[in-house]
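> One structure, pasted below without further comment.
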Amino acid sequence: MSVDQDLAPPEPEVAPLPEKPSRPPRLQNIVRHDLPASIVVFLVALPLSLGIAVASGAPVAAGLVAAVIGGIVAGSLGGSVLQVSGPAAGLTVVVAESITQFGWRTTCFIVAAAGVLQILFGLSRIARAALAVAPVVVHAMLAGIGITIALQQIHVLLGGSSHSSAWRNLVELPGQLLSVHGGGALVGAVVIAVMLGWKYVPPALRAVPGPLVAVVVGTLISFLFTDIDRIVLDGSIFDALQLPQLPSGNWAGVAMMVLTIALIASVESLLSAVAVDKMHTGPRTDFDRELVGQGSANVLSGLVGGLPITGVIVRSSANVAAGARSRASAIMHGVWVLVFSVALVGLVEQIPMAALAGLLIVIGIQLVKIAHIRSAKRTGDLLIYLVTVLGVVFLNLLEGVLLGLGLAFALLLWRVVRVQVSAVPVGARWLVRIDGSCTFLALPKLSSELAKVPAGAEVTVEMTVDFLDHAAFEAIEDWQRQLESSGGRVDFVEIGSARMAGADAAPPARGFGRQVWDEFLGPWRHRASGGDALRAGVSAFHRSHAHVVRPHLDGLRDRQDPDSFFLTCADSRIVPNVITSSGPGDLFTVRNVGNLVPITGDHSVEAALAFALDELAVRSVVVCGHSACGAMKAVYTGADAEGGLSSWLAHAEASLERFRAGHPVVRAARAAGFDEVDQLSMVNVAVQVETLRRHPAVRRAVEERGLVVSGLFFDIAGARVLEVTADGVRTIDGDLGVGL
């Protein structure tokens with residue numbers, strides 16, 4: 001069964017008959033899905049846990065201890081249902097450095113202290129803050145760790161010993177190649193070949209984890225040789241348990257190591273949880289609880305002599321792919337590791353060190369992902385990636401990450417505060433464009449470009465600026481004053497949210513695109529009443545938006561080619577171009593009270609329709625009504641209308657008759673919760689559409705060139721546009737239910 005099938009919502013269950021009670025559904029799911037998934041994860045975790053312990057320079061059993069505690073404790077307490085935790089390659093370099101500097105038992109104390117810090121992170125509810133680390137730095141950190149592991153283990157594979165630094169491992173590699181141990185190299189090469197080639201075997205065989213197959217094959221081949229180093233365990237996993245030791249000094253170094261392990265383990269666990277959430281459709285991760293669970297596991301692991309624990313994406317993805325449904329899978333995988341470590345110690349001791357070295361080399365290489373490098377190149381972050389990788393490999397993990405974060409912050413600052421400035425002559429005028437965040441950092445470039453404008457020139461300054469500090473404002477204002485004193489003129493076209501007006505009256509603040517949209521779409525909210533409102537609006541249009549639409553309008557000055565004839569109500573709340581996302585030249589709009597098509601007595605709609613069909617050859621004809629229509633309310637209530645309005649509304653009598661007769665639209669509108677007046681408005685749209693379809697010119701255009709005639713209804717309160725048909729109403733995007 002595929003992963004998608006496993007994660008699909010279950011079919012509705014039929015209630016069982018009383019005489020045949022079934023087992024609890026949760027137990028059924030555990031037995032059916034989580035139990036087999038836990039076995040798969042166990043088979044993946046076992047060789048990886050051993051290999052990571054060897055690569056870290058820790059006792060081999062420490063990897064098994066961490067796998068057991070990671071599965072049972074982190075699986076039970078963590079906030080990610082399907083994440084599997086245990087020792088991870090991402091902390092190998094840090095643990096090896098800690099063991100070299102402080103010794104193994106003090107490293108156990110550091111692991112426990114890091115767990116306490118993780119619990120505090122979770123309880124303080126700052127888990128999501130850990131996700132603020134730039135992904136490119138995390139990817140590069142993992143790549144650097146992978147390269148470091150590969151450089152270490154290639155010496156082990158060749159029969160030698162790894163060195164304390166990546167540089168020494170690199171420079172002494174040629175000498176190691178000259179003294180290669182044939183048996184170990186062959187075993188390691190076979191393991192690498194199996195690991196890399198396992199994805200090409202038939203799907204039925206791939207059900208068995210590749211790392212397990214590689215280690216088993218390598219172990220079997222190793223029996224052909226008598227002088228191959230193998231794993232050494234001093235008894236069962238219980239014999240390896242030991243209490244940590246307090247540091248004897250250098251508490252500053254210990255504190256830094258505690259912080260390093262806590263931060264890396266937390267970030268790696270949270271990023272892994274995010275990745276796991278993308279693989280399934282079940283409950284999402286509680287990030288604060290996840291840190292508490294990971295911290296609890298690390299406290300216990302450190303107290304009994306285990307490696308540090310994190311969420312591991314390799315095991316977690318295997319868990320999801322195997323069909324796990326709950327945290328029971330992760331917990332049971334820890335139980336299986338415990339059982340194996342107690343009952344089958346002799347079997348573990350048959351595994352050759354070269355086999356684990358080959359396994360770790362492949363794991364290290366796989367941490368360097370080509371997709372991450374391509375992404376960094378595509379997004380302009382390749383330098384950050386390279387600096388972080390080199391720092392992790394040749395300095396240490398913490399310094400490499402700090403270098404990457406520092407460079408990422410510097411690059412972010414440069415991208416945020418940079419501004420593009422240009423000054424070019426356009427005809428008789430000069431055009432100055434200022435785009436971006438205009439701060440004191442931009443003054444050299446700003447003054448250089450403004451100096452190109454000759455004295456006495458007429459200038460348009462187009463400002464698409466989201467931040468304007470006082471230094472930049474003062475520089476632009478001084479330049480404007482100097483130019484105008486020489487007889488020139490400066491007109492500002494301010495599109496961005498940061499404006500010259502008032503820039504010196506308050507501290508600068510970054511504006512948002514919403515402010516620009518509000519100003520463009522809704523200036524009526526801020527205008528004064530009366531004629532001054534229109535004058536203010538025209539002035540704002542000239543100042544802010546005229547130049548944007550001018551090129552488009554210039555292309556339409558001698559012709560128009562609208563797509564639609566759009567008949568709608570005269571109601572001021574209906575803005576056809578807004579609700580249809582159209583612009584100048586798209587709609588040939590006719591408006592009247594009630595969006596009516598008079599049969600006799602009025603020729604305005606007839607004339608506009610004839611012009612749209614014969615001269616403009618529109619592709620569609622649309623009638624658009626709306627909610628809370630005053631015309632339809634008057635028709636529905638029979639209220640007396642004064643002047644010519646009464647005779648005009650007589651054209652809607654046919655709509656009222658169809659409404660009372662139970663037009664099909666009424667049922668759909670009522671089911672959607674619209675009141676009687678709105679139901680009448682929808683029926684009116686349907687009736688006007690029918691009237692237009694009977695029009696000779698419309699009927700001819702439909703037959704000859706496929707003219708489309710349709711009806712719309714605008715729900716003002718919900719800002720929804722509905723389509724009105726002859727037999728119902730439906731939303732354009734299909735987000736409503738029955739009848740729509």
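Letters A, B, ... go to the chains of the structure tokens in the order shown; residues in each chain start at 1; ligands are counted from 1 in the same order.
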Where does region 255-343 of chain A meet region 400-419 of chain A within 12 Å, residue by residue, with the nearest atom pair and distance in Å to one decimal for each, counting only C-alpha atoms, listed by chain and rising number, as CSV?

residue,atom,partner,partner_atom,distance
A:Thr260,CA,A:Val401,CA,10.3
A:Leu263,CA,A:Val401,CA,11.1
A:Ile264,CA,A:Val401,CA,9.9
> Mind listing the alpha helix (DSSP H) residues of region 362-537 of chain A, per DSSP on the backbone, as a compact mmCIF listing (two decimals) with N, CA and C atoms, in the first residue's frame?

# COMPACT_ATOMS: atom_id res chain seq x y z
N VAL A 362 28.56 7.25 3.54
CA VAL A 362 27.38 7.51 2.71
C VAL A 362 26.45 8.50 3.40
N ILE A 363 26.24 8.33 4.71
CA ILE A 363 25.39 9.26 5.44
C ILE A 363 25.97 10.67 5.36
N GLY A 364 27.28 10.80 5.52
CA GLY A 364 27.91 12.11 5.43
C GLY A 364 27.75 12.73 4.06
N ILE A 365 27.95 11.93 3.02
CA ILE A 365 27.81 12.45 1.65
C ILE A 365 26.37 12.88 1.39
N GLN A 366 25.40 12.10 1.93
CA GLN A 366 24.00 12.43 1.69
C GLN A 366 23.55 13.69 2.42
N ILE A 370 22.57 18.34 -3.30
CA ILE A 370 22.71 19.18 -4.49
C ILE A 370 21.54 20.16 -4.58
N ALA A 371 20.35 19.72 -4.17
CA ALA A 371 19.19 20.61 -4.24
C ALA A 371 19.38 21.84 -3.36
N HIS A 372 20.02 21.67 -2.20
CA HIS A 372 20.27 22.82 -1.33
C HIS A 372 21.27 23.78 -1.96
N ILE A 373 22.29 23.24 -2.62
CA ILE A 373 23.29 24.10 -3.28
C ILE A 373 22.64 24.87 -4.42
N ARG A 374 21.81 24.19 -5.21
CA ARG A 374 21.13 24.88 -6.31
C ARG A 374 20.19 25.95 -5.78
N SER A 375 19.50 25.64 -4.69
CA SER A 375 18.59 26.62 -4.10
C SER A 375 19.36 27.84 -3.60
N ALA A 376 20.51 27.60 -2.96
CA ALA A 376 21.33 28.72 -2.48
C ALA A 376 21.84 29.57 -3.63
N LYS A 377 22.21 28.93 -4.72
CA LYS A 377 22.66 29.69 -5.89
C LYS A 377 21.53 30.49 -6.51
N ARG A 378 20.36 29.86 -6.59
CA ARG A 378 19.20 30.52 -7.20
C ARG A 378 18.73 31.73 -6.38
N LEU A 382 24.54 31.60 -2.08
CA LEU A 382 25.61 30.61 -2.24
C LEU A 382 26.83 30.96 -1.40
N LEU A 383 27.15 32.25 -1.27
CA LEU A 383 28.30 32.66 -0.47
C LEU A 383 28.09 32.29 1.00
N ILE A 384 26.87 32.48 1.50
CA ILE A 384 26.55 32.10 2.88
C ILE A 384 26.76 30.59 3.06
N TYR A 385 26.29 29.83 2.11
CA TYR A 385 26.42 28.37 2.16
C TYR A 385 27.89 27.96 2.22
N LEU A 386 28.70 28.51 1.32
CA LEU A 386 30.11 28.12 1.24
C LEU A 386 30.87 28.52 2.49
N VAL A 387 30.63 29.74 2.99
CA VAL A 387 31.33 30.21 4.19
C VAL A 387 30.98 29.33 5.39
N THR A 388 29.69 28.98 5.52
CA THR A 388 29.27 28.14 6.64
C THR A 388 29.90 26.76 6.54
N VAL A 389 29.88 26.16 5.37
CA VAL A 389 30.47 24.82 5.19
C VAL A 389 31.95 24.84 5.54
N LEU A 390 32.68 25.80 4.99
CA LEU A 390 34.12 25.86 5.25
C LEU A 390 34.40 26.13 6.73
N GLY A 391 33.58 26.96 7.36
CA GLY A 391 33.77 27.24 8.78
C GLY A 391 33.53 26.00 9.63
N VAL A 392 32.48 25.25 9.33
CA VAL A 392 32.18 24.03 10.09
C VAL A 392 33.28 22.99 9.90
N VAL A 393 33.77 22.85 8.68
CA VAL A 393 34.77 21.81 8.38
C VAL A 393 36.13 22.15 8.97
N PHE A 394 36.60 23.39 8.78
CA PHE A 394 37.99 23.71 9.11
C PHE A 394 38.16 24.49 10.42
N LEU A 397 32.06 23.59 14.58
CA LEU A 397 30.66 23.75 14.19
C LEU A 397 30.10 25.09 14.65
N LEU A 398 30.34 25.47 15.88
CA LEU A 398 29.77 26.71 16.40
C LEU A 398 30.30 27.93 15.65
N GLU A 399 31.61 27.98 15.44
CA GLU A 399 32.18 29.12 14.73
C GLU A 399 31.69 29.17 13.29
N GLY A 400 31.55 28.00 12.66
CA GLY A 400 31.05 27.99 11.29
C GLY A 400 29.63 28.49 11.20
N VAL A 401 28.77 28.07 12.14
CA VAL A 401 27.38 28.53 12.14
C VAL A 401 27.31 30.02 12.42
N LEU A 402 28.11 30.50 13.38
CA LEU A 402 28.11 31.94 13.68
C LEU A 402 28.58 32.76 12.48
N LEU A 403 29.59 32.25 11.77
CA LEU A 403 30.04 32.93 10.55
C LEU A 403 28.91 33.01 9.53
N GLY A 404 28.22 31.88 9.34
CA GLY A 404 27.12 31.85 8.38
C GLY A 404 25.99 32.78 8.78
N LEU A 405 25.62 32.77 10.05
CA LEU A 405 24.54 33.65 10.51
C LEU A 405 24.93 35.12 10.39
N GLY A 406 26.20 35.42 10.73
CA GLY A 406 26.65 36.81 10.60
C GLY A 406 26.61 37.29 9.16
N LEU A 407 27.08 36.44 8.24
CA LEU A 407 27.05 36.82 6.83
C LEU A 407 25.61 36.92 6.32
N ALA A 408 24.74 35.98 6.77
CA ALA A 408 23.34 36.04 6.36
C ALA A 408 22.68 37.32 6.84
N PHE A 409 22.99 37.73 8.08
CA PHE A 409 22.42 38.98 8.60
C PHE A 409 22.94 40.18 7.83
N ALA A 410 24.24 40.19 7.54
CA ALA A 410 24.81 41.30 6.78
C ALA A 410 24.19 41.40 5.39
N LEU A 411 24.01 40.23 4.74
CA LEU A 411 23.40 40.23 3.41
C LEU A 411 21.95 40.69 3.48
N LEU A 412 21.23 40.24 4.52
CA LEU A 412 19.85 40.68 4.70
C LEU A 412 19.79 42.19 4.89
N LEU A 413 20.68 42.73 5.72
CA LEU A 413 20.71 44.17 5.96
C LEU A 413 20.97 44.92 4.67
N TRP A 414 21.90 44.42 3.86
CA TRP A 414 22.21 45.08 2.60
C TRP A 414 21.01 45.05 1.66
N ARG A 415 20.31 43.89 1.62
CA ARG A 415 19.16 43.77 0.73
C ARG A 415 18.00 44.66 1.18
N VAL A 416 17.84 44.79 2.51
CA VAL A 416 16.72 45.56 3.02
C VAL A 416 16.93 47.06 2.85
N VAL A 417 18.15 47.51 3.11
CA VAL A 417 18.37 48.96 3.11
C VAL A 417 18.85 49.49 1.77
N LEU A 443 22.88 57.83 0.70
CA LEU A 443 23.21 59.22 0.35
C LEU A 443 24.28 59.34 -0.73
N PRO A 444 25.36 58.57 -0.72
CA PRO A 444 26.34 58.71 -1.81
C PRO A 444 25.73 58.47 -3.19
N LYS A 445 24.98 57.38 -3.32
CA LYS A 445 24.36 57.08 -4.62
C LYS A 445 23.28 58.09 -4.96
N LEU A 446 22.50 58.48 -3.97
CA LEU A 446 21.42 59.44 -4.19
C LEU A 446 21.97 60.78 -4.67
N SER A 447 22.97 61.30 -3.99
CA SER A 447 23.53 62.60 -4.38
C SER A 447 24.20 62.52 -5.74
N SER A 448 24.82 61.37 -6.05
CA SER A 448 25.48 61.22 -7.34
C SER A 448 24.48 61.27 -8.49
N GLU A 449 23.34 60.60 -8.34
CA GLU A 449 22.33 60.59 -9.40
C GLU A 449 21.62 61.93 -9.51
N LEU A 450 21.29 62.53 -8.37
CA LEU A 450 20.60 63.82 -8.42
C LEU A 450 21.47 64.91 -9.04
N HIS A 470 15.31 60.57 8.01
CA HIS A 470 15.41 62.04 7.94
C HIS A 470 16.59 62.49 7.10
N ALA A 471 17.68 61.74 7.11
CA ALA A 471 18.86 62.14 6.33
C ALA A 471 18.55 62.12 4.84
N ALA A 472 17.88 61.06 4.35
CA ALA A 472 17.54 60.99 2.93
C ALA A 472 16.50 62.05 2.57
N PHE A 473 15.50 62.24 3.46
CA PHE A 473 14.50 63.28 3.22
C PHE A 473 15.15 64.65 3.08
N GLU A 474 16.09 64.93 3.97
CA GLU A 474 16.75 66.24 3.95
C GLU A 474 17.57 66.42 2.68
N ALA A 475 18.24 65.35 2.22
CA ALA A 475 19.04 65.44 1.01
C ALA A 475 18.15 65.72 -0.21
N ILE A 476 17.00 65.03 -0.30
CA ILE A 476 16.09 65.25 -1.43
C ILE A 476 15.49 66.64 -1.36
N GLU A 477 15.11 67.08 -0.17
CA GLU A 477 14.51 68.41 -0.02
C GLU A 477 15.51 69.51 -0.36
N ASP A 478 16.77 69.37 0.07
CA ASP A 478 17.79 70.36 -0.26
C ASP A 478 18.01 70.43 -1.77
N TRP A 479 18.06 69.26 -2.42
CA TRP A 479 18.22 69.23 -3.88
C TRP A 479 17.03 69.90 -4.57
N GLN A 480 15.83 69.64 -4.09
CA GLN A 480 14.62 70.25 -4.68
C GLN A 480 14.68 71.76 -4.54
N ARG A 481 15.05 72.22 -3.35
CA ARG A 481 15.11 73.67 -3.12
C ARG A 481 16.13 74.33 -4.04
N GLN A 482 17.28 73.69 -4.20
CA GLN A 482 18.33 74.27 -5.04
C GLN A 482 17.91 74.29 -6.50
N LEU A 483 17.25 73.21 -6.97
CA LEU A 483 16.83 73.15 -8.37
C LEU A 483 15.75 74.20 -8.65
N GLU A 484 14.79 74.34 -7.76
CA GLU A 484 13.71 75.31 -7.99
C GLU A 484 14.21 76.74 -7.89
N SER A 485 15.27 76.97 -7.11
CA SER A 485 15.84 78.32 -7.04
C SER A 485 16.51 78.72 -8.34
N GLY A 513 2.48 47.47 2.16
CA GLY A 513 1.76 47.53 0.90
C GLY A 513 0.28 47.77 1.08
N ARG A 514 -0.29 47.31 2.21
CA ARG A 514 -1.71 47.49 2.44
C ARG A 514 -2.08 48.97 2.44
N GLN A 515 -1.17 49.81 2.98
CA GLN A 515 -1.46 51.24 3.03
C GLN A 515 -1.58 51.81 1.62
N VAL A 516 -0.70 51.37 0.74
CA VAL A 516 -0.76 51.84 -0.64
C VAL A 516 -2.05 51.39 -1.31
N TRP A 517 -2.44 50.13 -1.07
CA TRP A 517 -3.67 49.61 -1.66
C TRP A 517 -4.88 50.37 -1.13
N ASP A 518 -4.91 50.62 0.19
CA ASP A 518 -6.03 51.35 0.77
C ASP A 518 -6.14 52.74 0.15
N GLU A 519 -4.99 53.35 -0.08
CA GLU A 519 -5.03 54.69 -0.63
C GLU A 519 -5.51 54.68 -2.08
N PHE A 520 -5.12 53.63 -2.81
CA PHE A 520 -5.53 53.54 -4.21
C PHE A 520 -7.00 53.16 -4.33
N LEU A 521 -7.44 52.18 -3.49
CA LEU A 521 -8.78 51.63 -3.64
C LEU A 521 -9.81 52.41 -2.87
N GLY A 531 -17.83 68.86 -3.20
CA GLY A 531 -16.99 68.92 -4.39
C GLY A 531 -15.51 68.80 -4.08
N ASP A 532 -15.11 69.21 -2.87
CA ASP A 532 -13.70 69.11 -2.52
C ASP A 532 -13.20 67.67 -2.53
N ALA A 533 -14.11 66.73 -2.26
CA ALA A 533 -13.72 65.33 -2.27
C ALA A 533 -13.25 64.90 -3.65
N LEU A 534 -14.01 65.31 -4.68
CA LEU A 534 -13.61 64.93 -6.03
C LEU A 534 -12.31 65.61 -6.44
N ARG A 535 -12.17 66.86 -6.08
CA ARG A 535 -10.93 67.58 -6.43
C ARG A 535 -9.74 66.94 -5.73
N ALA A 536 -9.93 66.55 -4.45
CA ALA A 536 -8.84 65.90 -3.73
C ALA A 536 -8.49 64.56 -4.35
N GLY A 537 -9.54 63.84 -4.79
CA GLY A 537 -9.30 62.55 -5.43
C GLY A 537 -8.56 62.70 -6.74
> So that I can see what lies close to His333 (chain A), please list as an NGL selection string the residues with an atom at most 10 Å from it, counting only C-alpha atoms and leaving out residues fewer than 5 positions away in the same chain.
:A and (34-46 or 67-68 or 70-72 or 75 or 84 or 319 or 328 or 338-339)
> When distances are computed from only C-alpha atoms, which of A:Ser604, A:Ser620, A:Thr107, A:Gln350 shows the smallest separation from Arg230 (chain A)?
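Looking only at the distances to Arg230 (chain A), the closest residue turns out to be A:Gln350.
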> Excluding same-chain residues fewer than 4 positions from region 279-290 of chain A, what lies within 7 Å of it counting only C-alpha atoms, as a list in words?
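Answer for this query is Leu7, Gly78, Gly79, Ser80, Gly122, Leu123, Arg125, Ala127, Arg128, Leu270, Ala273, Ala275 and Gln294 of chain A.
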> For Ala62 (chain A), which residue among A:Ser162, A:Ser76, A:Gln242, A:Gln83 is the nearest when counting only C-alpha atoms?
A:Gln242
> Would you list the contacts of Gly146 (chain A) as a PyMOL selection string, taking every protein, DNA or RNA residue within 6 Å and counting only C-alpha atoms, but skipping same-chain residues closer than 2 positions in sequence?
chain A and resi 143-144+148-149+364-365+367
> What is the CA of Phe492 (chain A)-CA of Glu462 (chain A) distance in Å, reported with one decimal?
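Atom-to-atom, CA of Phe492 (chain A) and CA of Glu462 (chain A) are spaced 6.2 Å apart.
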> Write down as a list in words the residues belonging to region 378-466 of chain A that are assigned strand (DSSP E or B) by DSSP computed on the backbone.
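Residues of region 378-466 of chain A classed as strand (DSSP E or B): Val419, Gln420, Val421, Ser422, Ala423, Val424, Pro425, Val426, Arg429, Trp430, Leu431, Val432, Arg433, Ile434, Asp435, Gly436, Ser437, Cys438, Glu458, Val459, Thr460, Val461, Glu462, Met463, Thr464, Val465 and Asp466 of chain A.
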> How would the residues just chosen look if you wrote them out with N, CA and C atoms as a short mmCIF file (atom, residue, chain, number, x, y, z; two decimals), in the first residue's frame?

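Result file is again33.cif:
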data_model
loop_
_atom_site.label_atom_id
_atom_site.label_comp_id
_atom_site.auth_asym_id
_atom_site.auth_seq_id
_atom_site.Cartn_x
_atom_site.Cartn_y
_atom_site.Cartn_z
N VAL A 419 18.93 50.79 -2.03
CA VAL A 419 17.96 51.57 -2.80
C VAL A 419 18.50 51.73 -4.21
N GLN A 420 17.58 51.73 -5.18
CA GLN A 420 17.96 51.94 -6.57
C GLN A 420 17.58 53.36 -6.97
N VAL A 421 18.54 54.10 -7.48
CA VAL A 421 18.32 55.49 -7.86
C VAL A 421 18.82 55.68 -9.29
N SER A 422 18.01 56.33 -10.10
CA SER A 422 18.43 56.65 -11.47
C SER A 422 17.86 58.00 -11.88
N ALA A 423 18.59 58.71 -12.69
CA ALA A 423 18.14 60.00 -13.22
C ALA A 423 18.44 60.01 -14.72
N VAL A 424 17.37 60.07 -15.53
CA VAL A 424 17.54 60.03 -16.99
C VAL A 424 16.64 61.07 -17.64
N PRO A 425 17.07 61.65 -18.76
CA PRO A 425 16.19 62.59 -19.48
C PRO A 425 15.13 61.83 -20.27
N VAL A 426 13.88 62.29 -20.19
CA VAL A 426 12.77 61.72 -20.95
C VAL A 426 12.09 62.87 -21.67
N ARG A 429 11.76 66.61 -20.19
CA ARG A 429 11.83 66.52 -18.74
C ARG A 429 12.88 65.49 -18.31
N TRP A 430 13.18 65.51 -17.02
CA TRP A 430 14.03 64.49 -16.42
C TRP A 430 13.18 63.60 -15.51
N LEU A 431 13.51 62.32 -15.51
CA LEU A 431 12.80 61.38 -14.65
C LEU A 431 13.80 60.80 -13.65
N VAL A 432 13.50 61.02 -12.37
CA VAL A 432 14.32 60.47 -11.28
C VAL A 432 13.51 59.36 -10.61
N ARG A 433 14.05 58.17 -10.56
CA ARG A 433 13.39 57.04 -9.91
C ARG A 433 14.16 56.68 -8.63
N ILE A 434 13.43 56.55 -7.53
CA ILE A 434 13.99 56.13 -6.25
C ILE A 434 13.16 54.96 -5.77
N ASP A 435 13.79 53.80 -5.66
CA ASP A 435 13.05 52.56 -5.36
C ASP A 435 13.76 51.80 -4.24
N GLY A 436 13.03 51.50 -3.17
CA GLY A 436 13.60 50.70 -2.09
C GLY A 436 13.50 51.42 -0.76
N SER A 437 14.47 51.16 0.11
CA SER A 437 14.53 51.80 1.43
C SER A 437 15.56 52.91 1.37
N CYS A 438 15.09 54.14 1.50
CA CYS A 438 15.95 55.31 1.30
C CYS A 438 16.45 55.78 2.67
N GLU A 458 12.91 70.64 -15.61
CA GLU A 458 11.65 70.16 -15.05
C GLU A 458 11.80 68.66 -14.78
N VAL A 459 11.48 68.25 -13.56
CA VAL A 459 11.80 66.90 -13.11
C VAL A 459 10.57 66.24 -12.51
N THR A 460 10.38 64.97 -12.86
CA THR A 460 9.41 64.13 -12.18
C THR A 460 10.19 63.14 -11.32
N VAL A 461 9.92 63.15 -10.02
CA VAL A 461 10.59 62.23 -9.09
C VAL A 461 9.59 61.13 -8.73
N GLU A 462 9.86 59.94 -9.21
CA GLU A 462 8.99 58.79 -8.96
C GLU A 462 9.58 58.01 -7.78
N MET A 463 8.88 58.02 -6.65
CA MET A 463 9.38 57.41 -5.42
C MET A 463 8.55 56.17 -5.06
N THR A 464 9.17 55.02 -5.18
CA THR A 464 8.57 53.77 -4.71
C THR A 464 9.36 53.36 -3.47
N VAL A 465 9.11 54.05 -2.39
CA VAL A 465 9.93 53.96 -1.20
C VAL A 465 9.09 53.46 -0.03
N ASP A 466 9.60 52.43 0.67
CA ASP A 466 8.88 51.91 1.83
C ASP A 466 9.48 52.37 3.15
#
> Could you pull the residues within 10 Å of region 207-210 of chain A, counting only C-alpha atoms, minus those fewer than 3 positions along the same chain, as number ranges by chain?
A: 40-45, 191, 194-199, 202-204, 213-216, 318, 322
> Could you name the residues that touch Pro584 (chain A) at 10 Å or less, counting only C-alpha atoms, but leaving out those on the same chain fewer than 5 positions away, as an MDAnalysis selection string?
chainID A and resid 549 552:553 556 560 562 577
> Next, the residues of the selection above should be written as a CSV table (one decimal), in the first residue's frame with all heavy atoms.

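Here's the written file again.csv:
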chain,number,residue,atom,x,y,z
A,549,VAL,N,-1.0,54.4,-15.2
A,549,VAL,CA,-1.9,54.0,-16.2
A,549,VAL,C,-1.7,54.8,-17.5
A,549,VAL,O,-2.3,54.4,-18.6
A,549,VAL,CB,-3.4,54.2,-15.7
A,549,VAL,CG1,-3.6,53.3,-14.6
A,549,VAL,CG2,-3.7,55.6,-15.4
A,552,HIS,N,-0.8,52.7,-20.7
A,552,HIS,CA,-1.9,51.9,-21.2
A,552,HIS,C,-3.0,52.7,-21.8
A,552,HIS,O,-3.5,52.4,-22.9
A,552,HIS,CB,-2.5,51.2,-20.0
A,552,HIS,CG,-3.7,50.3,-20.3
A,552,HIS,ND1,-3.6,49.2,-21.1
A,552,HIS,CD2,-5.0,50.4,-20.0
A,552,HIS,CE1,-4.8,48.6,-21.3
A,552,HIS,NE2,-5.6,49.3,-20.6
A,553,LEU,N,-3.3,53.9,-21.2
A,553,LEU,CA,-4.3,54.7,-21.8
A,553,LEU,C,-3.9,55.4,-23.1
A,553,LEU,O,-4.7,55.6,-24.0
A,553,LEU,CB,-4.7,55.8,-20.8
A,553,LEU,CG,-5.5,55.3,-19.6
A,553,LEU,CD1,-5.7,56.5,-18.6
A,553,LEU,CD2,-6.8,54.7,-20.0
A,556,LEU,N,-4.8,53.4,-26.0
A,556,LEU,CA,-6.3,53.3,-26.2
A,556,LEU,C,-6.8,54.6,-26.7
A,556,LEU,O,-8.1,54.7,-26.9
A,556,LEU,CB,-7.0,52.9,-24.9
A,556,LEU,CG,-6.7,51.5,-24.4
A,556,LEU,CD1,-7.4,51.3,-23.0
A,556,LEU,CD2,-7.0,50.4,-25.3
A,560,GLN,N,-11.1,51.6,-28.8
A,560,GLN,CA,-11.3,50.8,-27.6
A,560,GLN,C,-11.7,49.4,-28.1
A,560,GLN,O,-12.3,49.2,-29.1
A,560,GLN,CB,-12.5,51.4,-26.8
A,560,GLN,CG,-13.8,51.6,-27.5
A,560,GLN,CD,-14.9,52.0,-26.5
A,560,GLN,OE1,-15.0,51.4,-25.4
A,560,GLN,NE2,-15.7,52.9,-27.0
A,562,PRO,N,-13.2,46.7,-25.8
A,562,PRO,CA,-13.7,46.0,-24.5
A,562,PRO,C,-14.1,44.6,-24.8
A,562,PRO,O,-14.5,44.2,-25.9
A,562,PRO,CB,-14.9,46.8,-24.1
A,562,PRO,CG,-15.4,47.4,-25.4
A,562,PRO,CD,-14.2,47.6,-26.3
A,577,ASN,N,-15.1,47.5,-12.3
A,577,ASN,CA,-13.7,47.1,-12.6
A,577,ASN,C,-13.1,46.5,-11.3
A,577,ASN,O,-12.1,45.7,-11.5
A,577,ASN,CB,-12.9,48.3,-13.0
A,577,ASN,CG,-13.3,48.8,-14.4
A,577,ASN,OD1,-14.0,49.8,-14.5
A,577,ASN,ND2,-13.0,48.0,-15.4
> From the set A:Val635, A:Ile361, A:Leu212, A:Leu117, which residue has the shortest atom-to-atom contact distance to Ile147 (chain A), counting only C-alpha atoms?
A:Ile361
> Of the residues A:Leu656, A:Val31, A:Leu645, A:Leu151, which is the one nearest to Met332 (chain A), using only C-alpha atoms?
A:Val31
> Find, counting only C-alpha atoms, the residue in A:Phe440, A:Phe588, A:Phe541, A:Phe467 that gets nearest to Leu609 (chain A).
A:Phe588
